[in-house]
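S.K.: File work27.pdb below, PDB, C-alpha atoms and all ligand atoms:
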ATOM      1  CA  MET Q   1       0.000   0.000   0.000
ATOM      2  CA  ASP Q   2       1.238   3.468  -0.791
ATOM      3  CA  ILE Q   3       0.914   6.149   1.796
ATOM      4  CA  GLN Q   4      -0.841   9.296   0.742
ATOM      5  CA  TRP Q   5       0.178  11.839   3.351
ATOM      6  CA  TYR Q   6      -3.178  13.130   4.419
ATOM      7  CA  PRO Q   7      -3.253  15.003   7.735
ATOM      8  CA  GLY Q   8      -4.782  11.906   9.392
ATOM      9  CA  HIS Q   9      -1.821   9.726   8.465
ATOM     10  CA  MET Q  10       0.588  12.359   9.637
ATOM     11  CA  ALA Q  11      -1.173  12.702  12.967
ATOM     12  CA  LYS Q  12      -1.117   8.916  13.447
ATOM     13  CA  ALA Q  13       2.580   8.611  12.581
ATOM     14  CA  LYS Q  14       3.339  11.423  15.013
ATOM     15  CA  ARG Q  15       1.246   9.791  17.754
ATOM     16  CA  ASP Q  16       3.003   6.441  17.214
ATOM     17  CA  LEU Q  17       6.418   8.059  17.313
ATOM     18  CA  LYS Q  18       5.610  10.066  20.434
ATOM     19  CA  ALA Q  19       4.490   6.839  22.121
ATOM     20  CA  VAL Q  20       7.804   5.057  21.518
ATOM     21  CA  LEU Q  21      10.260   7.924  21.920
ATOM     22  CA  PRO Q  22      10.347   7.703  25.740
ATOM     23  CA  LEU Q  23      11.456   4.042  25.363
ATOM     24  CA  LEU Q  24      14.489   4.963  23.289
ATOM     25  CA  ASP Q  25      18.025   6.085  24.221
ATOM     26  CA  LEU Q  26      19.537   6.411  20.797
ATOM     27  CA  ILE Q  27      17.975   7.280  17.457
ATOM     28  CA  ILE Q  28      19.186   6.221  14.056
ATOM     29  CA  GLU Q  29      17.617   8.618  11.598
ATOM     30  CA  VAL Q  30      17.660   6.917   8.205
ATOM     31  CA  THR Q  31      17.645   9.290   5.249
ATOM     32  CA  ASP Q  32      17.983   8.747   1.509
ATOM     33  CA  ALA Q  33      21.454   9.902   0.406
ATOM     34  CA  ARG Q  34      20.017  11.048  -2.937
ATOM     35  CA  ILE Q  35      17.814  13.606  -1.160
ATOM     36  CA  PRO Q  36      19.419  14.105   2.254
ATOM     37  CA  PHE Q  37      17.390  17.226   2.956
ATOM     38  CA  SER Q  38      13.969  16.302   1.601
ATOM     39  CA  SER Q  39      14.038  12.812   3.129
ATOM     40  CA  ARG Q  40      14.305  14.235   6.639
ATOM     41  CA  ASN Q  41      11.480  15.325   8.828
ATOM     42  CA  PRO Q  42      12.096  18.730  10.354
ATOM     43  CA  ASP Q  43       9.815  17.961  13.341
ATOM     44  CA  LEU Q  44      12.035  15.095  14.508
ATOM     45  CA  SER Q  45      14.721  17.215  16.191
ATOM     46  CA  GLY Q  46      12.103  18.923  18.330
ATOM     47  CA  LEU Q  47      10.525  15.570  19.257
ATOM     48  CA  ILE Q  48      13.728  13.749  20.212
ATOM     49  CA  LYS Q  49      15.130  16.793  22.013
ATOM     50  CA  LYS Q  50      18.589  15.939  23.351
ATOM     51  CA  LYS Q  51      18.521  12.182  22.690
ATOM     52  CA  ALA Q  52      21.620  10.721  21.080
ATOM     53  CA  ARG Q  53      21.243  10.568  17.312
ATOM     54  CA  ILE Q  54      23.050   9.197  14.277
ATOM     55  CA  ILE Q  55      22.055  10.367  10.807
ATOM     56  CA  LEU Q  56      22.487   7.633   8.181
ATOM     57  CA  LEU Q  57      22.814   8.609   4.546
ATOM     58  CA  ASN Q  58      21.357   5.333   3.345
ATOM     59  CA  LYS Q  59      21.273   4.153  -0.292
ATOM     60  CA  ALA Q  60      24.694   5.788  -0.583
ATOM     61  CA  ASP Q  61      25.420   3.339  -3.419
ATOM     62  CA  LEU Q  62      22.842   5.228  -5.519
ATOM     63  CA  ALA Q  63      24.090   8.700  -4.567
ATOM     64  CA  ASP Q  64      26.830  10.868  -6.034
ATOM     65  CA  PRO Q  65      29.837  10.212  -3.751
ATOM     66  CA  LYS Q  66      31.193  13.748  -4.185
ATOM     67  CA  VAL Q  67      27.926  15.239  -2.983
ATOM     68  CA  THR Q  68      27.659  12.682  -0.180
ATOM     69  CA  THR Q  69      31.037  13.935   1.082
ATOM     70  CA  GLN Q  70      29.656  17.484   1.061
ATOM     71  CA  TRP Q  71      26.652  16.388   3.096
ATOM     72  CA  ILE Q  72      28.882  14.614   5.602
ATOM     73  CA  SER Q  73      30.891  17.819   6.144
ATOM     74  CA  TYR Q  74      27.664  19.794   6.388
ATOM     75  CA  TYR Q  75      26.234  17.557   9.117
ATOM     76  CA  ARG Q  76      29.531  17.275  11.002
ATOM     77  CA  ALA Q  77      29.801  21.066  11.033
ATOM     78  CA  ALA Q  78      26.331  21.116  12.578
ATOM     79  CA  GLY Q  79      27.571  18.782  15.342
ATOM     80  CA  GLU Q  80      25.735  15.682  14.077
ATOM     81  CA  SER Q  81      27.081  12.123  13.902
ATOM     82  CA  VAL Q  82      26.647  11.009  10.314
ATOM     83  CA  LEU Q  83      27.555   8.035   8.136
ATOM     84  CA  PRO Q  84      26.898   6.957   4.529
ATOM     85  CA  PHE Q  85      25.419   3.454   4.441
ATOM     86  CA  ASN Q  86      24.168   0.701   2.176
ATOM     87  CA  GLY Q  87      21.289  -1.097   3.807
ATOM     88  CA  ARG Q  88      21.071  -3.564   0.965
ATOM     89  CA  THR Q  89      24.631  -4.945   1.233
ATOM     90  CA  GLY Q  90      25.491  -3.903   4.778
ATOM     91  CA  GLU Q  91      28.678  -2.245   3.575
ATOM     92  CA  LYS Q  92      29.964  -0.004   6.403
ATOM     93  CA  LEU Q  93      28.170  -2.037   9.049
ATOM     94  CA  ALA Q  94      31.360  -2.153  11.148
ATOM     95  CA  ALA Q  95      31.629   1.646  10.855
ATOM     96  CA  LEU Q  96      28.002   2.014  11.941
ATOM     97  CA  GLU Q  97      28.530  -0.240  14.948
ATOM     98  CA  ALA Q  98      31.662   1.700  15.885
ATOM     99  CA  LEU Q  99      29.722   4.959  15.626
ATOM    100  CA  ILE Q 100      26.871   3.578  17.760
ATOM    101  CA  ASP Q 101      29.492   2.560  20.321
ATOM    102  CA  GLN Q 102      31.105   5.966  20.265
ATOM    103  CA  VAL Q 103      27.866   7.941  20.491
ATOM    104  CA  GLY Q 104      26.463   5.552  23.129
ATOM    105  CA  SER Q 105      29.602   5.636  25.317
ATOM    106  CA  ASP Q 106      29.583   9.401  25.036
ATOM    107  CA  LYS Q 107      25.940  10.058  25.842
ATOM    108  CA  LEU Q 108      24.797   6.950  27.745
ATOM    109  CA  PRO Q 109      27.869   5.907  29.747
ATOM    110  CA  GLN Q 110      25.917   4.592  32.735
ATOM    111  CA  LYS Q 111      23.391   2.430  30.837
ATOM    112  CA  PRO Q 112      24.164  -1.288  30.347
ATOM    113  CA  VAL Q 113      21.673  -1.657  27.488
ATOM    114  CA  TRP Q 114      21.041   0.950  24.836
ATOM    115  CA  ARG Q 115      17.593   1.022  23.343
ATOM    116  CA  LEU Q 116      17.904   2.088  19.786
ATOM    117  CA  GLY Q 117      15.198   3.263  17.426
ATOM    118  CA  VAL Q 118      15.462   3.223  13.658
ATOM    119  CA  VAL Q 119      13.312   6.013  12.252
ATOM    120  CA  GLY Q 120      12.795   7.561   8.846
ATOM    121  CA  VAL Q 121      10.366   8.451   6.093
ATOM    122  CA  PRO Q 122       8.686   5.676   4.034
ATOM    123  CA  ASN Q 123      10.912   3.400   1.980
ATOM    124  CA  CYS Q 124      14.215   4.992   3.075
ATOM    125  CA  GLY Q 125      15.540   1.616   4.267
ATOM    126  CA  LYS Q 126      14.672   1.452   7.988
ATOM    127  CA  SER Q 127      13.956  -2.291   7.969
ATOM    128  CA  SER Q 128      17.078  -2.991   5.894
ATOM    129  CA  VAL Q 129      19.217  -1.099   8.411
ATOM    130  CA  LEU Q 130      17.589  -2.950  11.298
ATOM    131  CA  ASN Q 131      18.190  -6.315   9.649
ATOM    132  CA  ARG Q 132      21.835  -5.439   9.105
ATOM    133  CA  LEU Q 133      22.288  -4.473  12.726
ATOM    134  CA  ALA Q 134      20.394  -7.563  13.904
ATOM    135  CA  ARG Q 135      22.205  -9.763  11.356
ATOM    136  CA  ARG Q 136      19.000 -11.485  10.434
ATOM    137  CA  SER Q 137      15.836 -10.769   8.548
ATOM    138  CA  ALA Q 138      13.822  -9.574  11.488
ATOM    139  CA  ALA Q 139      11.852  -7.011   9.551
ATOM    140  CA  ARG Q 140      10.230  -7.188   6.162
ATOM    141  CA  VAL Q 141      11.949  -5.240   3.422
ATOM    142  CA  GLY Q 142      10.187  -4.158   0.277
ATOM    143  CA  GLU Q 143       9.787  -1.781  -2.606
ATOM    144  CA  LYS Q 144       6.532  -0.360  -1.377
ATOM    145  CA  PRO Q 145       6.559   2.513   1.115
ATOM    146  CA  GLY Q 146       4.783   1.859   4.401
ATOM    147  CA  LEU Q 147       5.380  -1.889   4.416
ATOM    148  CA  THR Q 148       6.235  -2.292   8.081
ATOM    149  CA  ARG Q 149       3.453  -2.414  10.649
ATOM    150  CA  GLY Q 150       3.468  -2.963  14.388
ATOM    151  CA  ARG Q 151       6.315  -2.865  16.883
ATOM    152  CA  GLN Q 152       9.405  -5.081  16.830
ATOM    153  CA  TRP Q 153      12.321  -5.264  19.307
ATOM    154  CA  VAL Q 154      15.460  -7.084  18.272
ATOM    155  CA  LYS Q 155      18.281  -7.887  20.708
ATOM    156  CA  ARG Q 156      21.904  -7.785  19.711
ATOM    157  CA  GLY Q 157      24.717  -7.554  22.277
ATOM    158  CA  ASN Q 158      24.103  -4.503  24.445
ATOM    159  CA  LEU Q 159      21.603  -3.143  21.926
ATOM    160  CA  GLU Q 160      17.850  -3.479  21.851
ATOM    161  CA  ILE Q 161      16.646  -2.226  18.525
ATOM    162  CA  LEU Q 162      13.123  -1.078  17.720
ATOM    163  CA  ASP Q 163      12.090  -1.243  14.090
ATOM    164  CA  THR Q 164       8.730   0.490  14.130
ATOM    165  CA  PRO Q 165       6.720   2.544  14.552
ATOM    166  CA  GLY Q 166       9.609   4.613  13.308
ATOM    167  CA  LEU Q 167       7.765   6.064  10.408
ATOM    168  CA  LEU Q 168       8.309   9.744   9.838
ATOM    169  CA  TRP Q 169       6.167  11.794   7.515
ATOM    170  CA  PRO Q 170       7.960  13.686   4.774
ATOM    171  CA  LYS Q 171       7.434  17.413   4.792
ATOM    172  CA  ILE Q 172       6.247  18.279   1.325
ATOM    173  CA  ALA Q 173       6.886  21.990   1.603
ATOM    174  CA  ASP Q 174       6.628  22.738  -2.099
ATOM    175  CA  ALA Q 175       6.100  21.130  -5.497
ATOM    176  CA  GLU Q 176       9.824  20.583  -5.979
ATOM    177  CA  THR Q 177      10.109  18.540  -2.797
ATOM    178  CA  GLY Q 178       7.084  16.514  -3.917
ATOM    179  CA  LEU Q 179       8.804  15.775  -7.224
ATOM    180  CA  LYS Q 180      12.004  14.645  -5.528
ATOM    181  CA  LEU Q 181      10.135  12.385  -3.114
ATOM    182  CA  ALA Q 182       8.173  10.917  -6.015
ATOM    183  CA  ILE Q 183      11.258  10.327  -8.148
ATOM    184  CA  VAL Q 184      13.030   8.300  -5.459
ATOM    185  CA  GLY Q 185       9.776   6.407  -4.807
ATOM    186  CA  MET Q 186       8.998   7.737  -1.354
ATOM    187  CA  ILE Q 187       5.567   9.073  -2.119
ATOM    188  CA  ASN Q 188       3.106   8.354  -4.845
ATOM    189  CA  PRO Q 189       1.429  11.649  -5.537
ATOM    190  CA  GLU Q 190      -1.981  11.635  -7.091
ATOM    191  CA  ASN Q 191      -2.591  13.807 -10.113
ATOM    192  CA  LEU Q 192       1.004  13.532 -11.238
ATOM    193  CA  GLU Q 193       1.538  11.974 -14.628
ATOM    194  CA  THR Q 194       4.607   9.758 -14.957
ATOM    195  CA  GLU Q 195       5.492  11.391 -18.289
ATOM    196  CA  GLU Q 196       5.375  14.852 -16.725
ATOM    197  CA  LEU Q 197       7.455  13.756 -13.740
ATOM    198  CA  ILE Q 198      10.122  12.117 -15.865
ATOM    199  CA  LEU Q 199      10.286  14.980 -18.381
ATOM    200  CA  THR Q 200      11.000  17.359 -15.496
ATOM    201  CA  PHE Q 201      13.552  14.952 -14.054
ATOM    202  CA  LEU Q 202      15.199  14.416 -17.441
ATOM    203  CA  SER Q 203      15.732  18.106 -17.983
ATOM    204  CA  TRP Q 204      17.328  18.289 -14.527
ATOM    205  CA  LEU Q 205      19.596  15.336 -15.380
ATOM    206  CA  GLN Q 206      20.526  16.979 -18.686
ATOM    207  CA  LYS Q 207      21.815  19.969 -16.741
ATOM    208  CA  ASN Q 208      23.395  18.130 -13.853
ATOM    209  CA  TYR Q 209      24.489  14.681 -15.052
ATOM    210  CA  PRO Q 210      24.683  14.971 -18.870
ATOM    211  CA  ALA Q 211      27.680  12.643 -19.274
ATOM    212  CA  GLN Q 212      26.140   9.788 -17.249
ATOM    213  CA  LEU Q 213      22.845  10.149 -19.058
ATOM    214  CA  GLY Q 214      24.484  10.163 -22.492
ATOM    215  CA  HIS Q 215      26.711   7.253 -21.613
ATOM    216  CA  TYR Q 216      23.962   4.963 -20.362
ATOM    217  CA  TYR Q 217      21.568   5.560 -23.258
ATOM    218  CA  GLY Q 218      24.302   5.883 -25.874
ATOM    219  CA  LEU Q 219      23.274   9.440 -26.748
ATOM    220  CA  GLY Q 220      25.486  12.076 -28.323
ATOM    221  CA  ALA Q 221      26.045  15.590 -26.978
ATOM    222  CA  GLU Q 222      23.565  16.999 -29.478
ATOM    223  CA  GLU Q 223      20.765  14.711 -28.361
ATOM    224  CA  ILE Q 224      21.534  15.471 -24.721
ATOM    225  CA  ALA Q 225      21.300  19.185 -25.490
ATOM    226  CA  GLU Q 226      17.761  18.801 -26.889
ATOM    227  CA  ALA Q 227      14.652  19.684 -24.921
ATOM    228  CA  SER Q 228      13.557  16.879 -22.599
ATOM    229  CA  TYR Q 229      10.567  15.872 -24.751
ATOM    230  CA  PRO Q 230      12.561  14.992 -27.910
ATOM    231  CA  LEU Q 231      15.196  13.457 -25.645
ATOM    232  CA  LEU Q 232      12.629  11.118 -24.068
ATOM    233  CA  LEU Q 233      11.377  10.231 -27.545
ATOM    234  CA  ALA Q 234      14.957   9.442 -28.600
ATOM    235  CA  ILE Q 235      15.479   7.215 -25.561
ATOM    236  CA  GLY Q 236      12.148   5.483 -26.162
ATOM    237  CA  LYS Q 237      13.011   4.867 -29.776
ATOM    238  CA  ARG Q 238      16.440   3.515 -28.960
ATOM    239  CA  ARG Q 239      15.029   1.208 -26.290
ATOM    240  CA  GLY Q 240      12.125  -0.048 -28.346
ATOM    241  CA  CYS Q 241       9.321   1.570 -26.322
ATOM    242  CA  LEU Q 242       7.077   1.612 -29.376
ATOM    243  CA  GLN Q 243       3.360   1.339 -29.926
ATOM    244  CA  LYS Q 244       1.356   0.213 -32.933
ATOM    245  CA  GLY Q 245       2.483   2.113 -35.995
ATOM    246  CA  GLY Q 246       6.045   2.371 -34.722
ATOM    247  CA  GLU Q 247       5.539   5.537 -32.685
ATOM    248  CA  VAL Q 248       7.217   5.938 -29.333
ATOM    249  CA  ASN Q 249       5.020   5.114 -26.365
ATOM    250  CA  LEU Q 250       5.920   8.038 -24.113
ATOM    251  CA  LEU Q 251       4.566   6.468 -20.931
ATOM    252  CA  ARG Q 252       6.624   3.330 -21.452
ATOM    253  CA  ALA Q 253       9.707   5.406 -22.214
ATOM    254  CA  ALA Q 254       9.159   7.444 -19.042
ATOM    255  CA  GLU Q 255       8.689   4.287 -16.966
ATOM    256  CA  LEU Q 256      11.882   2.853 -18.411
ATOM    257  CA  VAL Q 257      13.913   5.948 -17.437
ATOM    258  CA  TRP Q 258      12.347   5.986 -13.994
ATOM    259  CA  ASN Q 259      13.150   2.336 -13.447
ATOM    260  CA  ASP Q 260      16.703   2.772 -14.718
ATOM    261  CA  PHE Q 261      17.199   5.615 -12.263
ATOM    262  CA  ARG Q 262      15.793   3.693  -9.305
ATOM    263  CA  LEU Q 263      18.020   0.726 -10.066
ATOM    264  CA  GLY Q 264      21.039   3.028 -10.223
ATOM    265  CA  LYS Q 265      21.662   2.294 -13.888
ATOM    266  CA  LEU Q 266      22.029   5.976 -14.729
ATOM    267  CA  GLY Q 267      24.975   6.026 -12.355
ATOM    268  CA  PRO Q 268      25.104   7.738  -8.971
ATOM    269  CA  VAL Q 269      22.829  10.777  -8.773
ATOM    270  CA  THR Q 270      22.118  13.155  -5.900
ATOM    271  CA  LEU Q 271      19.236  15.553  -6.268
ATOM    272  CA  GLU Q 272      20.204  18.162  -3.699
ATOM    273  CA  LYS Q 273      23.386  19.735  -2.409
ATOM    274  CA  PRO Q 274      23.921  21.346   0.953
ATOM    275  CA  THR Q 275      25.567  24.373  -0.667
ATOM    276  CA  ALA Q 276      22.990  25.376  -3.229
ATOM    277  CA  TYR Q 277      19.910  24.206  -1.427
ATOM    278  CA  PRO Q 278      17.213  24.116  -2.715
ATOM    279  CA  VAL Q 279      18.317  22.763  -6.071
ATOM    280  CA  SER Q 280      16.005  23.843  -8.880
ATOM    281  CA  PHE Q 281      14.657  21.275 -11.268
TER     282      PHE Q 281
HETATM  283  N1  LIG U   1      20.272   0.369  -3.521
HETATM  284  C1  LIG U   1      19.891   0.342  -2.250
HETATM  285  N2  LIG U   1      18.653  -0.096  -1.924
HETATM  286  C2  LIG U   1      18.314  -0.124  -0.618
HETATM  287  C3  LIG U   1      19.193   0.297   0.412
HETATM  288  N3  LIG U   1      18.544   0.153   1.601
HETATM  289  C4  LIG U   1      17.326  -0.330   1.321
HETATM  290  N4  LIG U   1      17.170  -0.498  -0.010
HETATM  291  C5  LIG U   1      15.963  -0.964  -0.725
HETATM  292  O1  LIG U   1      14.946   0.023  -0.523
HETATM  293  C6  LIG U   1      13.650  -0.600  -0.421
HETATM  294  C7  LIG U   1      12.996  -0.214   0.902
HETATM  295  O2  LIG U   1      13.732  -0.782   1.982
HETATM  296  P1  LIG U   1      13.064  -1.069   3.411
HETATM  297  O3  LIG U   1      14.161  -1.481   4.324
HETATM  298  O4  LIG U   1      11.878  -1.938   3.279
HETATM  299  O5  LIG U   1      12.589   0.417   3.785
HETATM  300  P2  LIG U   1      11.665   0.901   5.031
HETATM  301  O6  LIG U   1      12.121   2.279   5.363
HETATM  302  O7  LIG U   1      11.675  -0.105   6.119
HETATM  303  O8  LIG U   1      10.261   0.962   4.311
HETATM  304  P3  LIG U   1       8.784   1.041   5.014
HETATM  305  O9  LIG U   1       8.774   0.133   6.196
HETATM  306  O10 LIG U   1       7.917   0.555   3.895
HETATM  307  O11 LIG U   1       8.581   2.496   5.319
HETATM  308  C8  LIG U   1      13.924  -2.108  -0.555
HETATM  309  O12 LIG U   1      13.725  -2.458  -1.904
HETATM  310  C9  LIG U   1      15.388  -2.247  -0.163
HETATM  311  O13 LIG U   1      16.009  -3.377  -0.728
HETATM  312  C10 LIG U   1      20.503   0.771   0.037
HETATM  313  O14 LIG U   1      21.324   1.202   0.841
HETATM  314  N5  LIG U   1      20.780   0.763  -1.307
HETATM  315 MG    MG U   2      10.109  -1.079   7.063
END
Starting from the file, lay out its structure as structure tokens.
Ligand SMILES: Nc1nc2c(ncn2[C@@H]2O[C@H](COP(=O)(O)OP(=O)(O)OP(=O)(O)O)[C@@H](O)[C@H]2O)c(=O)[nH]1
Ligand SMILES: [Mg+2]

M.R.:
Amino acid sequence: MDIQWYPGHMAKAKRDLKAVLPLLDLIIEVTDARIPFSSRNPDLSGLIKKKARIILLNKADLADPKVTTQWISYYRAAGESVLPFNGRTGEKLAALEALIDQVGSDKLPQKPVWRLGVVGVPNCGKSSVLNRLARRSAARVGEKPGLTRGRQWVKRGNLEILDTPGLLWPKIADAETGLKLAIVGMINPENLETEELILTFLSWLQKNYPAQLGHYYGLGAEEIAEASYPLLLAIGKRRGCLQKGGEVNLLRAAELVWNDFRLGKLGPVTLEKPTAYPVSF
């Protein structure tokens, strides 16, 4: 099921989170490294107050490593503990455990057991991170946002880890944020045509990642310099997204690009930088 973020859902997520926060000593805030700003919930800091926190830039394998480095500096400068992570492979798990140890020893020296909560917006990889830490498939992982229901504690050494409810609601402050959340698959906005979404995204990629885009689809500089509509037609034609009569099926072409992006085939892409935030599409 896809979450539409109506006020009712938001209120419920907030209620659930408020109910579990007193149980927790340490928070792992999972974000999507491709949209480190838009995948955070600005209300969280106020809710967790001075609790120990680690910010994970998850799905770092899909993000532009140069920009990830900028985000790490940005968060460190703000006094946060931050780490890039891959919830799918568990790469950097040892670094995460070391960071948990460091933050825990620092902030919770007198506690024998640290109760840790994994929180984040839909589909950012909370369950994947939990399973890595627990070293077993304790929580269900899936493509669809909002998959995890109910509360789960998992024990591991001196850690007790809570999977959910750790669902945060994305703050969709403007249309651009909505587009970014939709592109990475975090929300499924109604009234947004796939073709329109991907045309907007393509023109952003043309400006920001032209070489990667050209390389993956085998397009020349001239094609990349076209408007996004003829570019999408060119991609569709090249990839055989055709309908009866040999014309390009634009929806299929858009879905192909979207899928390629989500699988990381277009190469690492980050949609927002700490320096020039907000990035314009
Ligand atoms: N490439 C990549 N995919 C990841 C990573 N972490 C998680 N995923 C994938 O992202 C999707 C969502 O992961 P989950 O762990 O289910 O995310 P969640 O935050 O628990 O999702 P909900 O419970 O539905 O809100 C799955 O298809 C995962 O395999 C990562 O670091 N890299
Ligand atoms: Mg989950």

S.K.: Name the residues that the PyMOL selection byres (((chain Q and resi 31-48) around 6) and not hetatm) picks from the file above, as a list in words, using the file's chain letters and numbers.

M.R.: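 Against this file, the PyMOL selection byres (((chain Q and resi 31-48) around 6) and not hetatm) returns the residues Val30, Lys49, Lys51, Leu56, Leu57, Asn58, Lys59, Ala60, Ala63, Cys124, Pro170, Thr270, Leu271 and Glu272 of chain Q.
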
S.K.: With distances taken over only C-alpha atoms and all ligand atoms, which of Q:Lys126, Q:Lys207, Q:Arg135, Q:Arg238 is nearest to ligand MG 2 (chain U)?

M.R.: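 Smallest separation from ligand MG 2 (chain U) among the options: Q:Lys126.
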
S.K.: Atom CA of Gly178 of chain Q and atom CA of Val257 of chain Q are how many Å apart?

M.R.: 18.5 Å

S.K.: Which residue gives the smallest distance to Val103 of chain Q among Q:Ile27, Q:Glu91, Q:Val154, Q:Ala173, with all atoms listed in the file counted?

M.R.: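 Under the stated criterion, the closest residue is Q:Ile27.
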
S.K.: Residues within 9 Å of Ile235 of chain Q, please, as JSON, numbers by chain. Count all atoms listed in the file; anything in the same chain fewer than 2 positions from it doesn't count.

M.R.: {"Q": [217, 218, 219, 230, 231, 232, 233, 237, 238, 239, 240, 241, 253, 257]}

S.K.: Once the PyMOL selection byres (((chain Q and resi 116) around 12) and not hetatm) has been applied to the shown file, what residues remain in the selection, as a ChimeraX atom specification?

M.R.: /Q:20-29,51-54,97,100-101,103-104,108,113-115,117-119,129-130,133-134,152-156,158-164,166

S.K.: Could you write those residues out with C-alpha atoms, as a PDB file, in the coordinates of the input?

M.R.:
ATOM      1  CA  VAL Q  20       7.804   5.057  21.518  1.00  0.00           C
ATOM      2  CA  LEU Q  21      10.260   7.924  21.920  1.00  0.00           C
ATOM      3  CA  PRO Q  22      10.347   7.703  25.740  1.00  0.00           C
ATOM      4  CA  LEU Q  23      11.456   4.042  25.363  1.00  0.00           C
ATOM      5  CA  LEU Q  24      14.489   4.963  23.289  1.00  0.00           C
ATOM      6  CA  ASP Q  25      18.025   6.085  24.221  1.00  0.00           C
ATOM      7  CA  LEU Q  26      19.537   6.411  20.797  1.00  0.00           C
ATOM      8  CA  ILE Q  27      17.975   7.280  17.457  1.00  0.00           C
ATOM      9  CA  ILE Q  28      19.186   6.221  14.056  1.00  0.00           C
ATOM     10  CA  GLU Q  29      17.617   8.618  11.598  1.00  0.00           C
ATOM     11  CA  LYS Q  51      18.521  12.182  22.690  1.00  0.00           C
ATOM     12  CA  ALA Q  52      21.620  10.721  21.080  1.00  0.00           C
ATOM     13  CA  ARG Q  53      21.243  10.568  17.312  1.00  0.00           C
ATOM     14  CA  ILE Q  54      23.050   9.197  14.277  1.00  0.00           C
ATOM     15  CA  GLU Q  97      28.530  -0.240  14.948  1.00  0.00           C
ATOM     16  CA  ILE Q 100      26.871   3.578  17.760  1.00  0.00           C
ATOM     17  CA  ASP Q 101      29.492   2.560  20.321  1.00  0.00           C
ATOM     18  CA  VAL Q 103      27.866   7.941  20.491  1.00  0.00           C
ATOM     19  CA  GLY Q 104      26.463   5.552  23.129  1.00  0.00           C
ATOM     20  CA  LEU Q 108      24.797   6.950  27.745  1.00  0.00           C
ATOM     21  CA  VAL Q 113      21.673  -1.657  27.488  1.00  0.00           C
ATOM     22  CA  TRP Q 114      21.041   0.950  24.836  1.00  0.00           C
ATOM     23  CA  ARG Q 115      17.593   1.022  23.343  1.00  0.00           C
ATOM     24  CA  GLY Q 117      15.198   3.263  17.426  1.00  0.00           C
ATOM     25  CA  VAL Q 118      15.462   3.223  13.658  1.00  0.00           C
ATOM     26  CA  VAL Q 119      13.312   6.013  12.252  1.00  0.00           C
ATOM     27  CA  VAL Q 129      19.217  -1.099   8.411  1.00  0.00           C
ATOM     28  CA  LEU Q 130      17.589  -2.950  11.298  1.00  0.00           C
ATOM     29  CA  LEU Q 133      22.288  -4.473  12.726  1.00  0.00           C
ATOM     30  CA  ALA Q 134      20.394  -7.563  13.904  1.00  0.00           C
ATOM     31  CA  GLN Q 152       9.405  -5.081  16.830  1.00  0.00           C
ATOM     32  CA  TRP Q 153      12.321  -5.264  19.307  1.00  0.00           C
ATOM     33  CA  VAL Q 154      15.460  -7.084  18.272  1.00  0.00           C
ATOM     34  CA  LYS Q 155      18.281  -7.887  20.708  1.00  0.00           C
ATOM     35  CA  ARG Q 156      21.904  -7.785  19.711  1.00  0.00           C
ATOM     36  CA  ASN Q 158      24.103  -4.503  24.445  1.00  0.00           C
ATOM     37  CA  LEU Q 159      21.603  -3.143  21.926  1.00  0.00           C
ATOM     38  CA  GLU Q 160      17.850  -3.479  21.851  1.00  0.00           C
ATOM     39  CA  ILE Q 161      16.646  -2.226  18.525  1.00  0.00           C
ATOM     40  CA  LEU Q 162      13.123  -1.078  17.720  1.00  0.00           C
ATOM     41  CA  ASP Q 163      12.090  -1.243  14.090  1.00  0.00           C
ATOM     42  CA  THR Q 164       8.730   0.490  14.130  1.00  0.00           C
ATOM     43  CA  GLY Q 166       9.609   4.613  13.308  1.00  0.00           C
TER      44      GLY Q 166
END

S.K.: Select, from Q:Gln70, Q:Gln110, Q:Gln206, Q:Ser128, the residue with the minimum atom-to-atom distance to ligand MG 2 (chain U), counting all atoms listed in the file.

M.R.: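 Among the listed residues, Q:Ser128 lies closest to ligand MG 2 (chain U).
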
S.K.: To one decimal in Å, tell me the separation between atom CA of Trp71 of chain Q and atom CA of Pro274 of chain Q.

M.R.: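 Those two atoms sit 6.1 Å apart.
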
S.K.: Rank nothing, just name the residue among Q:Ser81, Q:Gly90, Q:Lys273, Q:Glu195 nearest to Pro65 of chain Q, using all atoms listed in the file.

M.R.: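 So, comparing all the options, the nearest one is Q:Lys273.
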
S.K.: Go through Q:Thr177, Q:Ser127, Q:Gln102, Q:Thr89 and flag the residue nearest ligand MG 2 (chain U), using only C-alpha atoms and all ligand atoms for the distances.

M.R.: Q:Ser127

S.K.: Assuming 4 Å of padding per side, give the centre and edge lengths of the axis-aligned box around every listed atom of ligand LIG 1 (chain U), in Å to one decimal and as JSON.

M.R.:
{"center_x": 14.6, "center_y": -0.4, "center_z": 1.3, "size_x": 21.4, "size_y": 13.9, "size_z": 17.7}

S.K.: To one decimal place in Å, what is the distance between atom C3 of ligand LIG 1 (chain U) and atom CA of Trp258 of chain Q?

M.R.: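 A separation of 16.9 Å between them.
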
S.K.: So, counting all atoms listed in the file, which residue among Q:Ala211, Q:Ala234, Q:Lys244, Q:Leu62 is closest to Phe261 of chain Q?

M.R.: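 Using all atoms listed in the file, the shortest distance to Phe261 of chain Q belongs to Q:Leu62.
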